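*Asks:* As input, take coords_19.txt (compact mmCIF, C-alpha atoms and all ligand atoms):
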# COMPACT_ATOMS: atom_id res chain seq x y z
CA MET A 1 120.87 97.53 108.39
CA ILE A 2 123.97 97.65 110.63
CA PRO A 3 125.11 94.05 111.34
CA LEU A 4 125.49 93.23 115.05
CA THR A 5 129.00 91.98 114.32
CA ASP A 6 129.98 95.55 113.40
CA THR A 7 130.36 96.92 116.93
CA SER A 8 130.63 100.52 115.72
CA TRP A 9 126.90 100.91 116.54
CA GLN A 10 127.90 101.07 120.22
CA SER A 11 129.21 104.59 119.80
CA LEU A 12 126.12 105.92 117.97
CA SER A 13 123.92 108.54 119.62
CA TRP A 14 120.63 107.42 121.11
CA GLN A 15 118.79 109.23 118.32
CA ASP A 16 120.72 107.28 115.66
CA LEU A 17 120.10 104.04 117.54
CA VAL A 18 116.35 104.77 117.51
CA ILE A 19 116.48 105.48 113.77
CA GLY A 20 118.57 102.35 113.15
CA ALA A 21 116.26 99.99 115.07
CA ILE A 22 115.31 96.77 113.30
CA SER A 23 111.88 97.34 111.80
CA ASN A 24 111.08 94.25 109.78
CA ILE A 25 110.99 90.53 110.36
CA ASN A 26 113.55 89.68 107.66
CA ASP A 27 116.24 91.84 109.24
CA LEU A 28 115.38 90.48 112.68
CA THR A 29 115.65 86.82 111.69
CA GLN A 30 118.80 87.47 109.62
CA GLN A 31 120.57 89.27 112.49
CA LEU A 32 119.69 86.48 114.94
CA ASN A 33 120.46 83.49 112.68
CA LEU A 34 116.83 82.39 112.75
CA PRO A 35 114.79 80.84 109.92
CA GLN A 36 112.72 83.29 107.87
CA MET A 37 109.14 83.84 108.99
CA PRO A 38 106.22 86.12 108.06
CA HIS A 39 105.00 89.14 110.07
CA TYR A 40 101.45 88.67 111.29
CA SER A 41 100.24 91.98 112.72
CA ALA A 42 99.50 95.64 112.01
CA PHE A 43 101.64 96.48 115.07
CA PRO A 44 105.13 96.76 113.54
CA ILE A 45 108.34 95.18 114.79
CA LYS A 46 110.84 97.57 116.38
CA VAL A 47 114.04 96.39 118.08
CA PRO A 48 117.03 98.70 118.72
CA LEU A 49 120.53 97.27 118.40
CA PRO A 50 121.57 97.47 122.09
CA TYR A 51 118.54 95.33 123.00
CA LEU A 52 119.06 93.02 120.01
CA SER A 53 122.65 92.39 121.14
CA ARG A 54 121.37 90.77 124.37
CA ILE A 55 119.33 88.13 122.48
CA GLU A 56 120.90 84.70 122.08
CA LEU A 57 121.63 83.91 118.43
CA GLY A 58 119.63 81.05 116.93
CA ASN A 59 117.30 80.67 119.93
CA PRO A 60 113.64 81.24 118.98
CA GLN A 61 112.66 80.86 122.66
CA ASP A 62 114.98 83.58 123.96
CA PRO A 63 113.02 85.55 126.60
CA LEU A 64 113.99 88.91 125.10
CA LEU A 65 113.19 87.82 121.57
CA ARG A 66 109.74 86.61 122.71
CA GLN A 67 108.95 90.16 123.86
CA VAL A 68 109.51 91.64 120.39
CA LEU A 69 108.75 88.79 117.95
CA CYS A 70 105.33 88.78 116.33
CA LEU A 71 103.74 85.30 116.40
CA PRO A 72 100.62 83.95 114.60
CA ALA A 73 98.93 83.84 118.04
CA GLU A 74 98.54 87.64 117.79
CA LEU A 75 95.77 87.09 115.24
CA GLN A 76 93.61 85.05 117.61
CA ASN A 77 90.64 86.72 119.30
CA SER A 78 90.26 85.73 122.94
CA PRO A 79 87.22 86.28 125.17
CA GLY A 80 87.66 89.25 127.53
CA PHE A 81 90.44 90.80 125.42
CA THR A 82 89.77 94.20 123.77
CA ASP A 83 91.62 96.94 121.92
CA HIS A 84 91.41 99.32 124.90
CA PRO A 85 91.58 97.24 128.09
CA LEU A 86 91.96 100.20 130.47
CA ASP A 87 89.27 102.37 128.88
CA GLU A 88 91.62 105.36 129.23
CA ALA A 89 89.58 107.61 126.92
CA ASN A 90 87.03 107.92 129.74
CA TYR A 91 89.57 109.44 132.16
CA THR A 92 90.94 112.28 130.02
CA PRO A 93 89.59 115.66 131.15
CA LEU A 94 91.93 117.30 128.59
CA PRO A 95 93.80 115.93 125.54
CA GLY A 96 96.90 114.12 126.77
CA LEU A 97 95.88 114.18 130.45
CA ILE A 98 94.76 111.04 132.26
CA GLN A 99 93.46 111.60 135.79
CA LYS A 100 92.45 108.43 137.59
CA TYR A 101 94.16 108.49 140.96
CA GLN A 102 94.20 110.91 143.90
CA GLY A 103 97.16 113.31 144.04
CA ARG A 104 98.70 112.57 140.65
CA VAL A 105 98.02 112.95 136.95
CA LEU A 106 99.55 111.29 133.92
CA ILE A 107 100.42 113.07 130.70
CA ILE A 108 100.79 111.17 127.43
CA VAL A 109 103.60 113.20 125.91
CA THR A 110 104.32 111.08 122.83
CA GLY A 111 103.10 107.99 121.01
CA SER A 112 106.64 106.91 120.07
CA CYS A 113 108.73 104.16 121.64
CA ALA A 114 112.24 102.87 121.01
CA ILE A 115 110.97 99.28 121.03
CA ASN A 116 107.61 97.69 120.27
CA CYS A 117 106.66 95.23 123.01
CA ARG A 118 104.16 92.70 121.71
CA TYR A 119 102.16 92.65 124.98
CA CYS A 120 101.81 96.46 125.19
CA PHE A 121 98.39 97.49 126.56
CA ARG A 122 98.52 100.63 124.43
CA ARG A 123 99.30 98.79 121.17
CA HIS A 124 95.95 99.97 119.72
CA PHE A 125 95.91 103.34 121.50
CA PRO A 126 94.79 106.25 119.25
CA TYR A 127 97.77 108.45 120.15
CA GLN A 128 96.93 110.94 117.40
CA ASP A 129 93.72 111.89 119.30
CA PHE A 130 95.56 112.42 122.57
CA GLN A 131 98.49 114.67 121.64
CA PRO A 132 98.00 118.13 123.14
CA ASP A 133 98.71 121.04 120.79
CA SER A 134 100.42 124.18 122.15
CA ARG A 135 97.13 125.77 123.34
CA GLN A 136 96.12 122.50 125.01
CA TRP A 137 99.49 122.27 126.77
CA GLN A 138 98.71 125.63 128.40
CA LEU A 139 95.25 124.38 129.44
CA LEU A 140 96.86 121.28 130.84
CA PHE A 141 99.34 123.25 132.98
CA GLU A 142 96.50 125.53 134.15
CA HIS A 143 94.46 122.47 135.14
CA ILE A 144 97.36 121.17 137.24
CA HIS A 145 98.00 124.64 138.67
CA ASN A 146 94.38 125.02 139.73
CA ASP A 147 94.21 121.70 141.57
CA ASP A 148 96.53 121.80 144.56
CA SER A 149 95.70 118.20 145.47
CA ILE A 150 98.01 117.19 142.58
CA THR A 151 101.58 116.82 143.83
CA GLU A 152 103.03 114.41 141.29
CA VAL A 153 103.01 114.40 137.49
CA ILE A 154 103.76 111.26 135.52
CA LEU A 155 105.10 111.49 131.98
CA SER A 156 104.09 108.50 129.91
CA GLY A 157 103.54 107.54 126.29
CA GLY A 158 104.76 105.82 124.30
CA ASP A 159 108.04 106.56 126.00
CA PRO A 160 108.55 110.10 127.35
CA LEU A 161 112.31 109.86 126.84
CA MET A 162 111.68 109.76 123.09
CA LEU A 163 111.15 113.52 123.35
CA PRO A 164 114.19 115.74 122.77
CA ASP A 165 115.72 117.00 126.01
CA LYS A 166 114.81 120.60 125.14
CA ARG A 167 111.15 119.61 125.12
CA LEU A 168 111.48 117.63 128.36
CA GLN A 169 113.25 120.54 129.99
CA TRP A 170 110.40 122.86 128.95
CA ILE A 171 107.80 120.50 130.44
CA GLU A 172 109.86 120.19 133.63
CA SER A 173 110.22 123.96 133.97
CA GLN A 174 106.46 124.53 133.52
CA LEU A 175 105.70 121.96 136.21
CA ALA A 176 108.45 123.14 138.56
CA ALA A 177 106.87 126.62 138.43
CA ILE A 178 103.72 125.19 140.06
CA PRO A 179 104.41 125.35 143.80
CA HIS A 180 102.40 122.27 144.85
CA ILE A 181 104.16 119.93 142.39
CA THR A 182 106.91 118.04 144.21
CA THR A 183 107.61 115.04 141.98
CA LEU A 184 108.11 114.31 138.31
CA ARG A 185 107.89 110.65 137.42
CA LEU A 186 108.82 109.15 134.05
CA HIS A 187 107.56 105.75 132.94
CA THR A 188 110.27 104.70 130.54
CA ARG A 189 111.88 101.70 128.89
CA LEU A 190 114.50 103.70 127.00
CA PRO A 191 117.40 103.66 129.52
CA VAL A 192 117.21 99.85 129.43
CA VAL A 193 116.71 99.27 125.71
CA ILE A 194 119.11 102.09 124.68
CA PRO A 195 121.36 103.01 127.66
CA GLN A 196 122.98 105.71 125.47
CA ARG A 197 119.79 107.72 126.20
CA ILE A 198 121.43 108.73 129.51
CA CYS A 199 123.30 111.53 127.79
CA PRO A 200 124.68 114.90 129.00
CA ASP A 201 121.63 116.88 127.77
CA LEU A 202 119.29 114.71 129.84
CA LEU A 203 121.48 114.85 132.94
CA ASN A 204 121.81 118.59 132.60
CA TRP A 205 118.10 119.37 133.05
CA ILE A 206 117.67 116.66 135.67
CA ALA A 207 120.54 118.10 137.75
CA LYS A 208 118.97 121.57 137.70
CA SER A 209 115.45 120.49 138.63
CA ARG A 210 113.98 121.35 142.03
CA LEU A 211 111.58 118.37 141.67
CA ASN A 212 112.08 114.84 142.93
CA ILE A 213 112.76 112.85 139.77
CA VAL A 214 111.61 109.23 139.67
CA PHE A 215 112.27 106.83 136.79
CA VAL A 216 109.97 103.82 136.75
CA ASN A 217 111.87 101.53 134.40
CA HIS A 218 110.39 98.58 132.60
CA VAL A 219 112.41 95.37 132.71
CA ASN A 220 110.85 91.91 132.48
CA HIS A 221 113.87 89.60 132.46
CA ALA A 222 117.35 89.64 134.03
CA ASN A 223 119.00 89.27 130.59
CA GLU A 224 117.82 92.80 129.74
CA ILE A 225 120.34 94.20 132.22
CA ASP A 226 123.90 94.30 130.91
CA ALA A 227 126.99 96.32 131.90
CA LYS A 228 125.87 99.36 129.87
CA VAL A 229 122.48 99.41 131.59
CA ILE A 230 124.14 99.18 135.01
CA GLU A 231 126.44 102.07 134.10
CA ALA A 232 123.48 104.18 132.91
CA MET A 233 121.58 103.51 136.14
CA GLN A 234 124.60 104.38 138.27
CA ILE A 235 124.85 107.74 136.51
CA LEU A 236 121.14 108.41 137.07
CA ALA A 237 121.50 107.50 140.76
CA GLN A 238 124.44 109.92 141.06
CA HIS A 239 122.03 112.57 139.78
CA ARG A 240 119.64 111.67 142.65
CA VAL A 241 117.10 109.98 140.35
CA VAL A 242 115.00 107.42 142.25
CA LEU A 243 115.06 104.15 140.30
CA LEU A 244 112.12 101.76 140.39
CA ASN A 245 110.94 99.02 138.05
CA GLN A 246 107.68 97.67 136.79
CA SER A 247 107.43 94.34 135.01
CA VAL A 248 104.63 92.47 133.31
CA LEU A 249 104.13 88.81 134.19
CA LEU A 250 104.51 87.12 130.80
CA LYS A 251 103.97 83.48 129.90
CA GLY A 252 107.14 81.83 128.60
CA ILE A 253 109.28 84.84 129.59
CA ASN A 254 109.26 85.35 133.36
CA ASP A 255 106.48 83.11 134.74
CA ALA A 256 108.84 80.97 136.85
CA THR A 257 110.21 81.57 140.35
CA ASP A 258 113.86 81.33 139.31
CA GLU A 259 113.36 83.89 136.53
CA LEU A 260 111.67 86.36 138.89
CA VAL A 261 114.32 85.86 141.61
CA ASN A 262 117.05 86.48 139.01
CA LEU A 263 115.19 89.56 137.79
CA SER A 264 114.90 91.08 141.27
CA ASN A 265 118.57 90.38 142.00
CA ALA A 266 119.68 91.83 138.66
CA LEU A 267 117.58 94.95 139.23
CA PHE A 268 119.07 95.42 142.68
CA GLY A 269 122.56 94.96 141.21
CA ALA A 270 121.75 97.88 138.90
CA GLY A 271 120.48 100.02 141.80
CA ILE A 272 116.80 99.60 140.85
CA LEU A 273 114.09 98.46 143.26
CA PRO A 274 111.32 96.15 141.99
CA TYR A 275 108.04 98.05 142.36
CA TYR A 276 105.19 96.40 140.46
CA LEU A 277 104.65 93.05 138.80
CA HIS A 278 101.58 93.60 136.62
CA LEU A 279 99.18 90.91 135.56
CA LEU A 280 98.72 91.29 131.80
CA ASP A 281 96.19 93.88 130.68
CA PRO A 282 93.81 92.00 128.37
CA VAL A 283 94.68 93.69 125.09
CA ASN A 284 93.85 92.10 121.73
CA GLY A 285 96.86 90.33 120.24
CA ALA A 286 98.56 89.53 123.55
CA ALA A 287 96.44 86.70 125.01
CA HIS A 288 99.26 84.18 124.46
CA PHE A 289 101.27 86.03 127.17
CA ASP A 290 98.53 85.77 129.80
CA VAL A 291 99.38 84.14 133.15
CA ASP A 292 96.57 83.01 135.41
CA GLN A 293 96.04 85.17 138.54
CA GLN A 294 96.37 82.15 140.87
CA GLN A 295 99.75 81.34 139.35
CA GLY A 296 100.79 84.97 139.86
CA ILE A 297 99.88 84.75 143.57
CA SER A 298 101.76 81.48 143.94
CA LEU A 299 104.86 82.97 142.26
CA ILE A 300 104.84 85.99 144.57
CA ASN A 301 104.51 83.74 147.63
CA GLN A 302 107.55 81.79 146.46
CA LEU A 303 109.47 85.02 145.93
CA ARG A 304 108.70 85.98 149.54
CA ASP A 305 110.36 82.75 150.67
CA ARG A 306 113.50 83.44 148.68
CA LEU A 307 114.06 87.20 148.73
CA PRO A 308 114.17 90.02 151.26
CA GLY A 309 110.88 91.95 151.31
CA TYR A 310 112.33 94.96 149.49
CA LEU A 311 113.07 92.80 146.44
CA VAL A 312 109.54 91.37 146.17
CA PRO A 313 107.41 93.46 143.76
CA LYS A 314 103.72 94.09 144.43
CA LEU A 315 101.50 91.92 142.26
CA VAL A 316 98.88 94.25 140.78
CA ARG A 317 96.16 94.47 138.21
CA GLU A 318 94.78 97.68 136.78
CA VAL A 319 90.98 97.77 136.69
CA PRO A 320 89.23 100.55 134.70
CA GLY A 321 87.36 102.87 137.09
CA ASP A 322 89.27 101.89 140.24
CA THR A 323 90.91 104.70 142.24
CA ALA A 324 94.16 102.74 142.67
CA LYS A 325 95.86 99.69 141.23
CA SER A 326 94.34 96.50 142.67
CA LEU A 327 96.79 94.68 144.88
CA ILE A 328 96.49 90.93 144.26
CA ARG A 329 97.15 88.58 147.19
S1 LIG B 401 107.98 100.64 125.65
FE1 LIG B 401 106.13 100.66 126.92
S2 LIG B 401 104.63 101.90 125.75
FE2 LIG B 401 106.29 101.30 124.34
S3 LIG B 401 105.58 99.39 123.37
FE3 LIG B 401 106.82 98.81 125.14
S4 LIG B 401 105.33 98.57 126.80
FE4 LIG B 401 104.31 99.75 125.18
Show how you would write the structure in this file as structure tokens.
Ligand code: SF4

*Replies:*
Amino acid sequence: MIPLTDTSWQSLSWQDLVIGAISNINDLTQQLNLPQMPHYSAFPIKVPLPYLSRIELGNPQDPLLRQVLCLPAELQNSPGFTDHPLDEANYTPLPGLIQKYQGRVLIIVTGSCAINCRYCFRRHFPYQDFQPDSRQWQLLFEHIHNDDSITEVILSGGDPLMLPDKRLQWIESQLAAIPHITTLRLHTRLPVVIPQRICPDLLNWIAKSRLNIVFVNHVNHANEIDAKVIEAMQILAQHRVVLLNQSVLLKGINDATDELVNLSNALFGAGILPYYLHLLDPVNGAAHFDVDQQQGISLINQLRDRLPGYLVPKLVREVPGDTAKSLIR
């Protein structure tokens, strides 16, 4: 374990920062000057050092710590909560491909993440059954090629930026060779949790791409954005990457007007526009994060009073079987 006080970790590569992420509760509590506690879940702890460094020492209620700390509440079963809240297995015409919405498809390119978020709706997802092998990748590209209504491809996971840049570049080149594909979107938390991920190899293939590149980041609290994150986002913007954000409304973390106003302002300061604020997907182990829909509506109405329209995210819920996200008003 590299102690936080040893700042040499700041110059490590993103790959080494992924490998060096905190992966057990003892190291986490020791690094943060917290009392020892047990780990309660089969979903492991994973916290990379750049993210850990933004957590206040000795504060068990820190909003970033709450996103990664396993609590006994994860063991409670709650009515309406399931292992697979979005029923994604029913929308996969090919391994790795999820096709729910008109005009776009989503590819699950990896089951790995740089951080394990306790509220993750895919925390029980059987990634091993959804990874395309090399023959299935070809089928997948053929499927996209043969459907000219598809203009946008979303890379998801896990976190797509966990793939090596060579692999990402190969995927990009296969998609760019399909004339009707205009946009490549990545749903990623990596540039925020490990800003070192914005490295020359990544920028190299992005700069050469003919596709519109969109990063939908995932930030839930203003404290997640520090100077390194802002720098990483500025570099992405200079490479004409469109920067959006999706958050999850989480009890005890961002379910207050001031927190959401601060989040929108911090995102804008980093060149990112707030896009979605998701109501929690009802996944087993995360019920203690759930915020009532009425409270979500009230929070959004208060944001409208305090922010320009472009800084107010859309409050949404994903409903299995629906052809678009449900806008909540
Ligand atoms: S980074 Fe995204 S996919 Fe990975 S655990 Fe967090 S919410 Fe889930």

*Asks:* Which residues come within 8 Å of Val229 of chain A, counting all atoms listed in the file, excluding same-chain residues fewer than 3 positions away, as a list in words?

*Replies:*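 Near neighbours after the sequence-gap exclusion: Pro191, Val192, Pro195, Ile225, Asp226, Ala232, Met233 and Ala270 of chain A.
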
*Asks:* Please identify all polymer residues lying at most 12 Å from the point (119.9, 93.8, 140.5) (file coordinates), using all atoms listed in the file, and present the result as a VMD selection string.

*Replies:* chain A and resid 219 221 to 227 229 to 230 233 to 234 243 to 245 260 to 274 310 to 311

*Asks:* Using only C-alpha atoms and all ligand atoms, which of A:Ile19, A:Ile253, A:Ala73, A:Ala114 sits nearest ligand LIG 401 (chain B)?

*Replies:*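 That would be A:Ala114, the residue with the smallest distance to ligand LIG 401 (chain B).
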
*Asks:* Step by step: start from the point (106.9, 109.1, 123.4) in the file's coordinates, keep every protein, DNA or RNA residue that has an atom no farther than 7 Å from it, count only C-alpha atoms, and write the set as a count of residues only.

*Replies:* 12

*Asks:* Dump as a Markdown table the rows for residues of chain A within 12 Å of ligand LIG 401 (chain B): closest atom pair and distance in Å with one decimal, all atoms listed in the file counted, ordered by chain and rising residue number.

*Replies:*
| residue | atom | partner | partner_atom | distance |
| --- | --- | --- | --- | --- |
| A:Phe43 | CA | B:LIG401 | S3 | 9.6 |
| A:Pro44 | CA | B:LIG401 | S3 | 10.2 |
| A:Ile45 | CA | B:LIG401 | S3 | 9.9 |
| A:Lys46 | CA | B:LIG401 | S3 | 8.9 |
| A:Val47 | CA | B:LIG401 | FE3 | 10.4 |
| A:Pro48 | CA | B:LIG401 | S1 | 11.6 |
| A:Gln67 | CA | B:LIG401 | FE3 | 9.0 |
| A:Val68 | CA | B:LIG401 | FE3 | 9.0 |
| A:Ile108 | CA | B:LIG401 | S2 | 10.2 |
| A:Val109 | CA | B:LIG401 | S2 | 11.3 |
| A:Thr110 | CA | B:LIG401 | S2 | 9.6 |
| A:Gly111 | CA | B:LIG401 | S2 | 7.9 |
| A:Ser112 | CA | B:LIG401 | FE2 | 7.1 |
| A:Cys113 | CA | B:LIG401 | FE2 | 4.6 |
| A:Ala114 | CA | B:LIG401 | S1 | 6.7 |
| A:Ile115 | CA | B:LIG401 | S1 | 5.7 |
| A:Asn116 | CA | B:LIG401 | S3 | 4.1 |
| A:Cys117 | CA | B:LIG401 | FE3 | 4.2 |
| A:Arg118 | CA | B:LIG401 | S3 | 7.0 |
| A:Tyr119 | CA | B:LIG401 | S4 | 7.0 |
| A:Cys120 | CA | B:LIG401 | FE4 | 4.1 |
| A:Phe121 | CA | B:LIG401 | FE4 | 6.5 |
| A:Arg122 | CA | B:LIG401 | FE4 | 5.9 |
| A:Arg123 | CA | B:LIG401 | FE4 | 6.5 |
| A:His124 | CA | B:LIG401 | FE4 | 10.0 |
| A:Phe125 | CA | B:LIG401 | S2 | 9.8 |
| A:Tyr127 | CA | B:LIG401 | S2 | 11.0 |
| A:Leu155 | CA | B:LIG401 | S2 | 11.4 |
| A:Ser156 | CA | B:LIG401 | S2 | 7.8 |
| A:Gly157 | CA | B:LIG401 | S2 | 5.8 |
| A:Gly158 | CA | B:LIG401 | S2 | 4.2 |
| A:Asp159 | CA | B:LIG401 | S2 | 5.8 |
| A:Pro160 | CA | B:LIG401 | S2 | 9.2 |
| A:Leu161 | CA | B:LIG401 | S1 | 10.3 |
| A:Met162 | CA | B:LIG401 | FE2 | 10.1 |
| A:Leu186 | CA | B:LIG401 | FE1 | 11.4 |
| A:His187 | CA | B:LIG401 | FE1 | 8.0 |
| A:Thr188 | CA | B:LIG401 | S1 | 6.8 |
| A:Arg189 | CA | B:LIG401 | S1 | 5.2 |
| A:Leu190 | CA | B:LIG401 | S1 | 7.3 |
| A:Pro191 | CA | B:LIG401 | S1 | 10.6 |
| A:Val192 | CA | B:LIG401 | S1 | 10.0 |
| A:Val193 | CA | B:LIG401 | S1 | 8.8 |
| A:Ile194 | CA | B:LIG401 | S1 | 11.3 |
| A:Val216 | CA | B:LIG401 | FE1 | 11.0 |
| A:Asn217 | CA | B:LIG401 | FE1 | 9.5 |
| A:His218 | CA | B:LIG401 | FE1 | 7.4 |
| A:Val219 | CA | B:LIG401 | S4 | 9.8 |
| A:Asn220 | CA | B:LIG401 | S4 | 10.3 |
| A:Gln246 | CA | B:LIG401 | S4 | 10.3 |
| A:Ser247 | CA | B:LIG401 | S4 | 9.5 |
| A:Val248 | CA | B:LIG401 | S4 | 8.9 |
| A:His278 | CA | B:LIG401 | S4 | 11.6 |
| A:Leu280 | CA | B:LIG401 | S4 | 11.0 |
| A:Asp281 | CA | B:LIG401 | S4 | 11.0 |
| A:Val283 | CA | B:LIG401 | FE4 | 11.4 |
| A:Ala286 | CA | B:LIG401 | S4 | 11.8 |

*Asks:* Report as a PDB file with C-alpha atoms, keeping the file's coordinate frame all protein, DNA and RNA residues lying within 10 Å of Ser173 of chain A, evaluated on all atoms listed in the file, omitting residues in the same chain fewer than 5 positions from it.

*Replies:*
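Once everything was written out, this is out-v7.pdb:
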ATOM      1  CA  ARG A 167     111.150 119.610 125.120  1.00  0.00           C
ATOM      2  CA  LEU A 168     111.480 117.630 128.360  1.00  0.00           C
ATOM      3  CA  ILE A 178     103.720 125.190 140.060  1.00  0.00           C
ATOM      4  CA  TRP A 205     118.100 119.370 133.050  1.00  0.00           C
ATOM      5  CA  LYS A 208     118.970 121.570 137.700  1.00  0.00           C
ATOM      6  CA  SER A 209     115.450 120.490 138.630  1.00  0.00           C
ATOM      7  CA  ARG A 210     113.980 121.350 142.030  1.00  0.00           C
ATOM      8  CA  LEU A 211     111.580 118.370 141.670  1.00  0.00           C
TER       9      LEU A 211
END

*Asks:* Just the number, please: distance in Å from atom CA of Lys166 of chain A to atom CA of Leu12 of chain A, one decimal.

*Replies:* 19.9 Å

*Asks:* Which value, in Å to one decimal, gives the distance between atom CA of Gln293 of chain A and atom CA of Leu64 of chain A?

*Replies:* 22.7 Å

*Asks:* Near segment 26-32 of chain A, within 10 Å and counting all atoms listed in the file, which residues show up once chain neighbours fewer than 5 positions away are dropped, as a list in words?

*Replies:* Met1, Ile2, Pro3, Leu4, Thr5, Ala21, Met37, Pro38, His39, Ile45, Lys46, Val47, Leu49, Leu52, Ser53, Ile55, Glu56, Leu57, Gly58, Asn59, Pro60, Leu65, Val68 and Leu69 of chain A

*Asks:* Can you pull out every residue within 12 Å of Ser13 of chain A, counting all atoms listed in the file, but drop anything in the same chain fewer than 3 positions away, and send it as a list in words?

*Replies:*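 Counting all atoms listed in the file, the residues come to Ser8, Trp9, Gln10, Asp16, Leu17, Val18, Ile19, Gly20, Leu49, Pro50, Ile194, Pro195, Gln196, Arg197, Ile198, Cys199, Pro200 and Asp201 of chain A.
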
*Asks:* Do you have the atom CA of Thr257 of chain A-atom CA of Tyr51 of chain A distance handy?

*Replies:*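 Distance between the two atoms: 23.7 Å.
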
*Asks:* So that I can see what lies close to Ile144 of chain A, please list as an NGL selection string the residues with an atom at most 9 Å from it, counting only C-alpha atoms and leaving out residues fewer than 2 positions away in the same chain.

*Replies:* :A and (105 or 139-142 or 146-151 or 153 or 175 or 178 or 181)

*Asks:* Counting only C-alpha atoms, which residue out of A:Ile171, A:Thr182, A:Arg240, A:Pro85 sits closest to Leu203 of chain A?

*Replies:*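 Distance minimum relative to Leu203 of chain A lands on A:Arg240.
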
*Asks:* Considering all atoms listed in the file, state which residue in the set A:Glu172, A:Asp322, A:Asp129, A:Asp62 is at the smallest distance from Leu34 of chain A.

*Replies:*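 Residue with the minimum atom-to-atom distance to Leu34 of chain A: A:Asp62.
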
*Asks:* Using all atoms listed in the file for the distances, tell me which of A:Gln15, A:Arg329, A:Glu231, A:Pro95 is nearest to Asp133 of chain A.

*Replies:*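 Using all atoms listed in the file, the shortest distance to Asp133 of chain A belongs to A:Pro95.
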
*Asks:* Box in all listed atoms of segment 256-264 of chain A, axis-aligned, with 8 Å more on each side; write out centre and edge lengths in Å to one decimal as AutoDock Vina command-line options.

*Replies:*
--center_x 112.9 --center_y 86.0 --center_z 139.1 --size_x 24.2 --size_y 26.1 --size_z 21.1
